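Quick look at work_17.txt (compact mmCIF, C-alpha atoms):
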```
# COMPACT_ATOMS: atom_id res chain seq x y z
CA MET A 6 27.24 -48.45 22.51
CA THR A 7 25.29 -46.80 19.67
CA ASP A 8 26.52 -46.18 16.14
CA ILE A 9 25.23 -43.04 14.40
CA TYR A 10 25.33 -42.11 10.73
CA PHE A 11 24.86 -38.38 10.07
CA ILE A 12 23.67 -37.62 6.53
CA ARG A 13 23.22 -34.25 4.90
CA HIS A 14 20.17 -33.96 2.64
CA ALA A 15 20.52 -34.25 -1.16
CA GLU A 16 20.68 -31.20 -3.42
CA SER A 17 17.62 -28.98 -3.02
CA PHE A 18 16.45 -26.13 -5.20
CA GLY A 19 17.80 -23.77 -2.56
CA ASN A 20 21.30 -25.16 -3.20
CA LEU A 21 20.82 -25.02 -6.95
CA THR A 22 19.20 -21.59 -7.29
CA ARG A 23 21.55 -20.13 -4.66
CA ARG A 24 18.93 -18.92 -2.22
CA ALA A 25 19.23 -18.95 1.56
CA TYR A 26 17.23 -21.91 2.83
CA GLY A 27 17.23 -22.38 6.57
CA TRP A 28 13.70 -23.21 7.66
CA TYR A 29 12.34 -22.41 4.20
CA ASP A 30 10.89 -25.73 3.08
CA GLY A 31 12.37 -26.58 -0.32
CA ILE A 32 12.28 -29.76 -2.38
CA LEU A 33 14.97 -31.82 -4.08
CA THR A 34 16.24 -31.19 -7.59
CA PRO A 35 16.55 -33.89 -10.28
CA LYS A 36 20.23 -34.14 -9.35
CA GLY A 37 19.18 -34.42 -5.71
CA TYR A 38 17.07 -37.47 -6.50
CA GLN A 39 20.05 -39.02 -8.31
CA GLN A 40 22.20 -38.38 -5.24
CA ALA A 41 19.53 -39.97 -3.05
CA GLU A 42 19.58 -43.05 -5.26
CA CYS A 43 23.37 -43.28 -4.81
CA LEU A 44 22.77 -42.99 -1.06
CA ARG A 45 20.22 -45.82 -1.21
CA LYS A 46 22.78 -48.09 -2.87
CA ARG A 47 25.41 -47.16 -0.30
CA PHE A 48 23.16 -48.16 2.60
CA ALA A 49 21.67 -51.25 0.95
CA ASP A 50 23.92 -53.61 2.92
CA ILE A 51 24.33 -51.49 6.05
CA ALA A 52 22.14 -52.52 8.97
CA ILE A 53 20.14 -49.56 10.28
CA ASP A 54 17.70 -49.93 13.16
CA ALA A 55 16.08 -46.48 13.22
CA VAL A 56 16.04 -43.38 11.01
CA TYR A 57 15.61 -39.84 12.34
CA SER A 58 15.19 -36.74 10.21
CA SER A 59 14.56 -33.04 10.21
CA ASP A 60 10.90 -32.40 9.43
CA LEU A 61 11.78 -30.24 6.41
CA MET A 62 10.92 -31.72 3.01
CA ARG A 63 14.44 -31.89 1.58
CA ALA A 64 15.60 -33.94 4.55
CA ARG A 65 12.55 -36.23 4.58
CA GLU A 66 12.87 -36.90 0.84
CA THR A 67 16.51 -37.85 1.37
CA ALA A 68 15.75 -40.02 4.39
CA ALA A 69 13.35 -42.07 2.23
CA ALA A 70 16.39 -43.55 0.46
CA ILE A 71 17.34 -45.24 3.74
CA TYR A 72 14.18 -46.04 5.67
CA GLU A 73 11.87 -47.11 2.82
CA PRO A 74 14.01 -49.97 1.40
CA LYS A 75 14.50 -51.29 4.94
CA GLY A 76 10.83 -51.11 5.84
CA LEU A 77 11.47 -48.77 8.76
CA ALA A 78 9.40 -45.91 10.14
CA LEU A 79 10.70 -42.35 9.86
CA HIS A 80 11.03 -40.38 13.09
CA THR A 81 10.83 -36.68 12.23
CA ASP A 82 11.91 -34.04 14.70
CA ALA A 83 12.01 -30.27 14.16
CA ALA A 84 15.04 -30.19 16.45
CA PHE A 85 17.09 -31.62 13.56
CA ARG A 86 16.23 -28.66 11.28
CA GLU A 87 18.75 -26.39 9.63
CA ILE A 88 19.77 -23.15 11.32
CA SER A 89 16.97 -20.59 11.06
CA LEU A 90 18.24 -17.74 8.87
CA GLY A 91 15.57 -15.26 9.89
CA ALA A 92 15.61 -12.18 7.67
CA TRP A 93 17.81 -14.04 5.17
CA GLU A 94 15.28 -16.80 4.47
CA ASP A 95 14.71 -17.34 0.72
CA ARG A 96 16.83 -14.34 -0.26
CA PRO A 97 19.38 -14.79 -3.06
CA TRP A 98 22.83 -15.34 -1.58
CA GLY A 99 24.10 -12.78 -4.09
CA GLU A 100 22.32 -9.86 -2.41
CA LEU A 101 23.40 -10.62 1.15
CA PRO A 102 26.96 -9.14 1.03
CA SER A 103 25.57 -5.69 0.22
CA LEU A 104 22.46 -5.82 2.41
CA TYR A 105 24.11 -7.45 5.43
CA PRO A 106 27.88 -6.95 5.03
CA GLU A 107 28.86 -7.59 8.65
CA ALA A 108 26.56 -10.58 9.12
CA TYR A 109 27.66 -12.06 5.79
CA GLU A 110 31.32 -11.74 6.73
CA ASN A 111 30.55 -13.40 10.05
CA TRP A 112 28.69 -16.21 8.29
CA LEU A 113 31.79 -16.94 6.20
CA ALA A 114 34.62 -16.29 8.62
CA HIS A 115 33.28 -15.83 12.17
CA PRO A 116 30.24 -18.10 12.44
CA LEU A 117 29.90 -17.85 16.23
CA ALA A 118 29.22 -14.13 15.77
CA PHE A 119 26.57 -14.67 13.08
CA ARG A 120 23.13 -13.26 13.82
CA VAL A 121 20.48 -11.44 11.79
CA GLU A 122 16.94 -10.43 12.69
CA HIS A 123 14.86 -13.44 13.77
CA SER A 124 17.69 -15.90 13.07
CA GLU A 125 19.32 -18.45 15.31
CA SER A 126 22.94 -18.34 16.35
CA TYR A 127 25.25 -21.35 16.13
CA ALA A 128 24.91 -21.72 19.90
CA ASP A 129 21.10 -21.75 19.56
CA VAL A 130 21.29 -24.57 17.03
CA TYR A 131 23.56 -26.68 19.22
CA ALA A 132 21.31 -26.11 22.22
CA ARG A 133 18.29 -27.59 20.39
CA ILE A 134 19.94 -30.30 18.29
CA LYS A 135 22.26 -31.93 20.85
CA PRO A 136 19.41 -32.96 23.22
CA ALA A 137 17.53 -34.43 20.24
CA LEU A 138 20.56 -36.55 19.37
CA ASP A 139 20.95 -37.63 23.00
CA ARG A 140 17.30 -38.71 23.09
CA ALA A 141 17.67 -40.76 19.91
CA VAL A 142 20.86 -42.41 21.19
CA CYS A 143 19.28 -43.19 24.56
CA LYS A 144 16.36 -44.94 22.86
CA ASN A 145 18.69 -47.02 20.68
CA GLU A 146 21.33 -48.40 23.01
CA GLY A 147 23.25 -51.16 21.24
CA ARG A 148 21.73 -50.29 17.86
CA THR A 149 22.65 -48.28 14.73
CA ILE A 150 20.75 -45.18 13.74
CA ALA A 151 20.79 -42.69 10.86
CA VAL A 152 20.14 -38.97 11.33
CA VAL A 153 19.32 -36.92 8.22
CA SER A 154 19.78 -33.19 8.66
CA HIS A 155 21.33 -30.13 7.01
CA GLY A 156 24.71 -28.60 6.20
CA ALA A 157 25.14 -26.05 8.99
CA ALA A 158 23.19 -28.09 11.54
CA ILE A 159 25.34 -31.20 11.05
CA ARG A 160 28.53 -29.13 11.02
CA ILE A 161 27.55 -27.56 14.36
CA LEU A 162 26.43 -30.85 15.90
CA MET A 163 29.48 -32.90 14.92
CA TYR A 164 31.89 -30.19 16.03
CA GLY A 165 30.10 -29.70 19.33
CA ILE A 166 29.93 -33.36 20.34
CA THR A 167 33.66 -33.79 19.72
CA HIS A 168 34.63 -30.58 21.58
CA ASN A 169 32.50 -30.92 24.73
CA GLY A 170 30.00 -28.40 23.43
CA ASP A 171 32.65 -25.71 22.85
CA LEU A 172 32.10 -24.25 19.35
CA THR A 173 35.19 -22.04 19.46
CA ASP A 174 37.15 -22.37 16.19
CA ILE A 175 34.25 -24.07 14.38
CA GLU A 176 35.19 -22.01 11.34
CA LYS A 177 38.11 -24.43 10.92
CA SER A 178 35.72 -27.35 10.40
CA ASP A 179 34.77 -28.42 6.88
CA TRP A 180 31.37 -28.20 5.23
CA GLY A 181 29.96 -31.47 3.94
CA ASP A 182 28.58 -32.01 0.45
CA ASN A 183 24.97 -32.99 -0.24
CA THR A 184 24.33 -36.58 0.97
CA CYS A 185 27.77 -36.76 2.60
CA VAL A 186 27.92 -39.44 5.29
CA SER A 187 29.63 -39.24 8.68
CA ARG A 188 29.85 -42.05 11.20
CA PHE A 189 30.15 -41.57 14.96
CA ARG A 190 29.94 -43.89 17.94
CA PHE A 191 28.50 -43.17 21.38
CA GLU A 192 30.08 -45.23 24.14
CA ASN A 193 30.68 -44.64 27.85
CA GLY A 194 29.08 -41.21 27.67
CA LYS A 195 31.32 -40.01 24.83
CA TYR A 196 30.87 -39.40 21.09
CA THR A 197 33.78 -40.51 18.89
CA GLU A 198 34.27 -39.77 15.19
CA ILE A 199 34.92 -42.78 12.95
CA PHE A 200 34.82 -40.89 9.64
CA LYS A 201 33.36 -37.59 8.45
CA ASN A 202 31.86 -35.98 5.32
CA ASP A 203 32.42 -38.93 3.00
CA ASN A 204 30.70 -38.62 -0.37
CA SER A 205 32.43 -41.44 -2.25
CA HIS A 206 29.03 -42.91 -3.18
CA LEU A 207 28.59 -39.95 -5.58
CA SER A 208 31.83 -40.56 -7.48
CA ALA A 209 30.08 -42.12 -10.49
CA MET A 210 27.81 -39.10 -10.99
CA PRO A 211 28.64 -36.58 -13.75
CA GLY A 212 30.11 -33.38 -12.34
CA PHE A 213 31.03 -35.06 -9.06
CA SER A 214 34.13 -32.89 -8.61
CA ASP A 215 32.04 -29.71 -8.98
CA ASN A 216 29.60 -30.46 -6.18
CA MET A 217 31.11 -28.03 -3.66
CA ASN A 218 32.24 -25.32 -6.10
CA TRP A 219 29.64 -22.88 -4.75
CA VAL A 220 31.48 -22.97 -1.41
CA ARG A 221 34.99 -22.72 -2.88
CA GLU A 222 34.00 -19.85 -5.19
CA GLY A 223 32.99 -17.74 -2.19
CA GLY A 224 29.81 -16.46 -3.83
CA GLY A 225 31.43 -15.41 -7.12
CA ARG A 226 28.60 -16.95 -9.15
CA ASN A 227 25.74 -15.80 -6.97
CA VAL A 228 23.07 -13.62 -8.58
CA TRP A 229 20.96 -10.77 -7.19
CA PHE A 230 18.00 -8.94 -8.67
CA GLU A 231 16.68 -5.43 -9.16
CA TYR A 232 13.04 -4.83 -10.10
CA ALA A 233 12.17 -2.90 -13.25
CA GLU A 234 10.30 0.39 -13.25
CA TYR A 235 8.22 1.75 -16.09
CA PRO A 236 8.85 3.94 -18.04
CA ARG A 237 12.39 4.26 -16.67
CA ASP A 238 13.40 0.81 -17.94
CA LYS A 239 11.28 0.73 -21.10
CA GLU A 240 14.23 0.59 -23.52
CA LYS A 241 16.02 -2.08 -21.52
CA ILE A 242 12.91 -4.27 -21.42
CA ARG A 243 12.44 -3.78 -25.16
CA ALA A 244 16.05 -4.75 -25.79
CA TYR A 245 15.77 -8.03 -23.86
CA HIS A 246 12.59 -9.02 -25.67
CA ALA A 247 14.14 -8.14 -29.03
CA GLU A 248 17.28 -10.19 -28.29
CA ALA A 249 15.20 -13.15 -27.15
CA TRP A 250 13.05 -13.01 -30.29
CA LEU A 251 16.16 -12.79 -32.48
CA ASP A 252 17.72 -15.76 -30.71
CA ILE A 253 14.65 -17.93 -31.21
CA PHE A 254 13.30 -16.87 -34.60
CA GLY A 255 16.25 -15.17 -36.29
CA ASP A 256 14.47 -11.92 -37.14
CA GLU A 257 13.22 -8.70 -35.58
CA ILE A 258 10.26 -8.70 -33.24
CA ALA A 259 7.10 -7.77 -35.13
CA ASN A 260 5.52 -5.17 -32.84
CA ILE A 261 7.73 -3.77 -30.12
CA ARG A 262 4.78 -1.74 -28.77
CA ASP A 263 3.21 -4.99 -27.61
CA VAL A 264 6.23 -5.36 -25.32
CA ASP A 265 5.53 -1.93 -23.86
CA SER A 266 1.88 -2.62 -23.10
CA LYS A 267 2.70 -5.99 -21.56
CA ALA A 268 5.45 -4.47 -19.39
CA ARG A 269 3.05 -1.81 -18.09
CA ARG A 270 0.43 -4.45 -17.34
CA VAL A 271 2.63 -6.91 -15.45
CA LEU A 272 4.42 -4.21 -13.46
CA LYS A 273 1.10 -2.69 -12.45
CA LYS A 274 0.13 -6.12 -11.16
CA SER A 275 3.35 -6.63 -9.15
CA SER A 276 6.69 -4.81 -9.08
CA ASP A 277 8.64 -8.10 -9.03
CA ASN A 278 7.17 -9.35 -12.32
CA ILE A 279 10.18 -8.00 -14.23
CA ALA A 280 13.57 -8.44 -12.57
CA PHE A 281 17.03 -7.70 -13.93
CA ALA A 282 19.73 -10.16 -12.82
CA TYR A 283 23.25 -9.15 -11.77
CA CYS A 284 26.48 -10.85 -10.76
CA THR A 285 29.83 -9.37 -9.77
CA ASP A 286 30.55 -8.72 -13.48
CA GLY A 287 27.43 -6.59 -13.96
CA GLU A 288 23.99 -7.08 -15.47
CA ILE A 289 23.52 -10.53 -16.99
CA GLY A 290 19.87 -10.99 -17.91
CA MET A 291 16.17 -10.57 -17.18
CA ILE A 292 13.21 -12.68 -16.06
CA GLU A 293 9.57 -11.73 -16.58
CA THR A 294 6.63 -13.41 -14.85
CA ASP A 295 2.98 -12.93 -15.71
CA GLU A 296 0.35 -13.66 -13.07
CA ASP A 297 -2.52 -13.27 -15.56
CA ILE A 298 -1.45 -16.22 -17.72
CA LYS A 299 -2.95 -19.41 -16.35
CA LEU A 300 -1.97 -22.37 -18.53
CA TYR A 301 -2.35 -25.01 -15.85
CA PRO A 302 -4.15 -25.25 -12.50
CA SER A 303 -2.10 -23.76 -9.67
CA ALA A 304 0.78 -22.81 -11.99
CA GLY A 305 2.59 -19.48 -12.03
CA HIS A 306 3.79 -18.47 -15.49
CA ILE A 307 7.24 -17.37 -16.65
CA SER A 308 6.84 -15.33 -19.83
CA LEU A 309 10.51 -14.57 -20.51
CA VAL A 310 13.92 -15.72 -19.35
CA TYR A 311 16.85 -14.15 -21.14
CA LEU A 312 20.51 -14.55 -20.23
CA LYS A 313 23.21 -12.72 -22.16
CA PRO A 314 25.17 -15.23 -24.30
CA GLU A 315 28.46 -14.77 -22.45
CA TYR A 316 26.81 -15.87 -19.18
CA ARG A 317 25.14 -19.02 -20.42
CA ARG A 318 26.20 -22.49 -19.24
CA ARG A 319 27.67 -20.97 -16.09
CA ARG A 320 24.88 -21.83 -13.60
CA TYR A 321 23.29 -18.40 -13.81
CA GLY A 322 20.12 -19.29 -15.71
CA ILE A 323 18.71 -21.55 -13.00
CA GLN A 324 19.11 -18.72 -10.50
CA LEU A 325 16.72 -16.65 -12.63
CA ILE A 326 14.26 -19.54 -12.42
CA GLY A 327 14.80 -19.44 -8.65
CA HIS A 328 13.33 -15.93 -8.62
CA ALA A 329 10.10 -17.29 -10.12
CA MET A 330 10.10 -20.30 -7.78
CA SER A 331 10.31 -17.98 -4.80
CA LYS A 332 7.66 -15.59 -6.06
CA TYR A 333 5.10 -18.22 -6.95
CA GLY A 334 5.94 -20.60 -4.12
CA ASN A 335 5.16 -17.87 -1.61
CA MET A 336 1.85 -17.34 -3.44
CA GLY A 337 0.97 -20.99 -2.86
CA LYS A 338 1.45 -22.11 -6.46
CA LYS A 339 2.34 -25.76 -7.00
CA HIS A 340 3.95 -25.47 -10.46
CA LEU A 341 5.80 -23.14 -12.80
CA SER A 342 4.77 -22.98 -16.45
CA VAL A 343 6.77 -21.77 -19.41
CA ARG A 344 6.24 -21.79 -23.18
CA VAL A 345 9.11 -23.02 -25.36
CA SER A 346 9.11 -22.82 -29.16
CA GLU A 347 9.35 -26.25 -30.80
CA THR A 348 12.40 -24.95 -32.68
CA ASN A 349 14.23 -23.78 -29.56
CA LYS A 350 16.09 -26.99 -28.76
CA SER A 351 18.58 -25.39 -26.37
CA ALA A 352 15.85 -23.86 -24.20
CA TYR A 353 13.95 -27.16 -24.14
CA ALA A 354 17.11 -28.97 -22.98
CA PHE A 355 17.77 -26.31 -20.32
CA TYR A 356 14.33 -26.61 -18.78
CA LYS A 357 14.30 -30.40 -18.98
CA LYS A 358 17.68 -30.58 -17.21
CA TYR A 359 16.25 -28.81 -14.19
CA GLY A 360 13.07 -30.85 -13.88
CA PHE A 361 10.58 -29.21 -16.22
CA TYR A 362 8.46 -31.67 -18.18
CA GLU A 363 6.19 -31.36 -21.19
CA ALA A 364 2.52 -30.79 -20.33
CA PHE A 365 1.01 -30.12 -23.76
CA ARG A 366 1.61 -28.34 -27.07
CA GLU A 367 -0.27 -25.41 -28.52
CA THR A 368 -0.15 -22.85 -31.31
CA GLU A 369 0.16 -19.18 -30.40
CA ASP A 370 0.43 -16.50 -33.10
CA LYS A 371 1.10 -19.30 -35.63
CA VAL A 372 4.08 -20.51 -33.58
CA ARG A 373 4.06 -24.08 -32.26
CA GLN A 374 4.90 -24.01 -28.58
CA ILE A 375 5.61 -26.59 -25.90
CA VAL A 376 4.14 -25.82 -22.48
CA MET A 377 6.49 -27.18 -19.81
CA LEU A 378 5.87 -27.46 -16.09
CA LEU A 379 8.05 -27.64 -13.00
CA ASP A 380 6.58 -28.99 -9.77
CA ILE A 381 7.39 -26.65 -6.88
CA GLY A 382 4.94 -27.96 -4.29
CA GLY A 383 6.44 -27.75 -0.80
CA GLN A 384 8.34 -24.52 -1.49
CA ASN A 385 7.19 -22.35 1.38
CA ARG A 386 8.04 -20.85 4.73
CA VAL A 387 7.42 -22.88 7.88
```
File written out as structure tokens:
Amino acid sequence: MTDIYFIRHAESFGNLTRRAYGWYDGILTPKGYQQAECLRKRFADIAIDAVYSSDLMRARETAAAIYEPKGLALHTDAAFREISLGAWEDRPWGELPSLYPEAYENWLAHPLAFRVEHSESYADVYARIKPALDRAVCKNEGRTIAVVSHGAAIRILMYGITHNGDLTDIEKSDWGDNTCVSRFRFENGKYTEIFKNDNSHLSAMPGFSDNMNWVREGGGRNVWFEYAEYPRDKEKIRAYHAEAWLDIFGDEIANIRDVDSKARRVLKKSSDNIAFAYCTDGEIGMIETDEDIKLYPSAGHISLVYLKPEYRRRRYGIQLIGHAMSKYGNMGKKHLSVRVSETNKSAYAFYKKYGFYEAFRETEDKVRQIVMLLDIGGQNRV
């Protein structure tokens, strides 16, 4: 007899910024680390003999909450990875319904039919993950193990081992929340469910009831992006800069022509340096990145983030940051940098909430600014 705890990884930036992370190697968010701490407390008095994990960073960081306090080694295995999403990897979830309408519908309602270029199918995932589980169980007869993996992968594995490998009707099975815990037992050649997708250890966390809203909303808050062109979008770019300046300083921007020259420069460098953000309601904001500004070693700079007032505090802003994380992460950058005026308390609180920290202060054009950094090391394709 072997007892098995299946654990989904804590919240990663892919979950938060609403980007498709399969094999894309993302890291945990500040909330994710809080969830992992709750997981550590849950397992403090539970005897675990061995810990297995996907080799992706978000799973390994979560597994540390279990194996480190117990002084155990971590056994990583690529077989426990998430489903490979192929052409979807690192794309905003918001753009997938229009780019891949049939595949997106299958992902939601007919998962056995899901397939995009270079992706795995559900059957592919089960074929690689089930033998890895069997190997771990065989090595730990009479013991208790923990397996840290991913949302779709665990969903597929748990359904398959309780239905003799038949994944028909898997769409009727529930998704588990970040760090949810399931317990199974292997005995006499059979896997039996004891409990599934329990996240009660998170109940004391603020916003606990909202953890799975992104699933229940069916993508209603997912953002997609369109890249600016110059001079076509000159007036729109001007307008966003003017609104941002007015928000921060309460007056009109001094020289709007500076905005024009900067827009031409950054777009000549890369077409994705200015991106307009959209949701199902329409256009909601803009993000501008500037590869020529180097405030910190190995940091990619965000020069403007502007979200229309009616869309603030609705989980859209962090998805704009996700655009910059993707851009600079794929360039090998280890940090994001952003300047925040000392008087802009709301922006400072926004960035701090999502893991940015103060690096130093400086004066630019007589304005005192706080340079904040976000660590994004580990954000890359594998």
Need the shell around Pro314 of chain A: protein/DNA/RNA residues with any atom at most 12 Å away, counting only C-alpha atoms. Skip same-chain ones fewer than 3 positions apart. Format as a short mmCIF file (atom, residue, chain, number, x, y, z; two decimals) with C-alpha atoms, in the coordinates of the input?
```
data_model
loop_
_atom_site.label_atom_id
_atom_site.label_comp_id
_atom_site.auth_asym_id
_atom_site.auth_seq_id
_atom_site.Cartn_x
_atom_site.Cartn_y
_atom_site.Cartn_z
CA TYR A 245 15.77 -8.03 -23.86
CA GLU A 248 17.28 -10.19 -28.29
CA ALA A 249 15.20 -13.15 -27.15
CA ASP A 252 17.72 -15.76 -30.71
CA ILE A 289 23.52 -10.53 -16.99
CA GLY A 290 19.87 -10.99 -17.91
CA TYR A 311 16.85 -14.15 -21.14
CA ARG A 317 25.14 -19.02 -20.42
CA ARG A 318 26.20 -22.49 -19.24
CA ARG A 319 27.67 -20.97 -16.09
CA TYR A 321 23.29 -18.40 -13.81
CA GLY A 322 20.12 -19.29 -15.71
#
```
* Asked: Can you list, as a list in words, every protein, DNA or RNA residue that comes within 6 Å of Met6 of chain A when you count only C-alpha atoms, leaving out same-chain residues fewer than 4 positions away?
  -> Glu146, Gly147, Phe191 and Glu192 of chain A
* Neighbourhood query: residues within 9 Å of (14.8, -39.6, 13.8), file coordinates, counting all atoms listed in the file; return as JSON, numbers by chain. => {"A": [55, 56, 57, 58, 59, 79, 80, 81, 82, 85, 137, 138, 141, 150, 151, 152, 153]}
* Asked: What gap, in Å, lies between atom CA of Thr22 of chain A and atom CA of Leu312 of chain A?
  ->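 Here the two named atoms are 14.8 Å from each other.
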* Asked: To one decimal place, how far is atom CA of Asp8 of chain A from atom CA of Leu207 of chain A in Å?
  -> 22.7 Å
* segment 224-236 of chain A environment, 8 Å, only C-alpha atoms, sequence neighbours closer than 4 positions dropped, as a PyMOL selection string -> chain A and resi 23+97-100+219-220+268-269+272+276-285+320-321+324
* So which one's closest to Asp265 of chain A, A:Arg190, A:Ala244, A:Trp180, A:Trp250? Using all atoms listed in the file, please. ->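 Comparing A:Arg190, A:Ala244, A:Trp180, A:Trp250 against Asp265 of chain A, the winner is A:Ala244.
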* Structure fact -> A straight line from atom CA of Lys332 of chain A to atom CA of Met62 of chain A spans 18.8 Å
* With distances taken over all atoms listed in the file, which of A:Ala329, A:Ala259, A:Ala364, A:Ile53 is nearest to Met291 of chain A? -> A:Ala329
* Asked: Which residue out of A:Asp179, A:Asp60, A:Asp54, A:Asp380 has the minimum interatomic distance to Phe361 of chain A when all atoms listed in the file are used?
  ->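 That would be A:Asp380, the residue with the smallest distance to Phe361 of chain A.
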* Write out as a VMD selection string which residues come within 9 Å of segment 105-117 of chain A when counting all atoms listed in the file, dropping same-chain ones fewer than 3 positions away. => chain A and resid 100 to 102 120 to 121 126 to 128 172 to 176 223
* Have a look at A:Ser89, A:Asn20, A:Ser208, A:Ser103 and name the one nearest to Ala158 of chain A; count all atoms listed in the file. =>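 Of A:Ser89, A:Asn20, A:Ser208, A:Ser103, the one nearest Ala158 of chain A, counting all atoms listed in the file, is A:Ser89.
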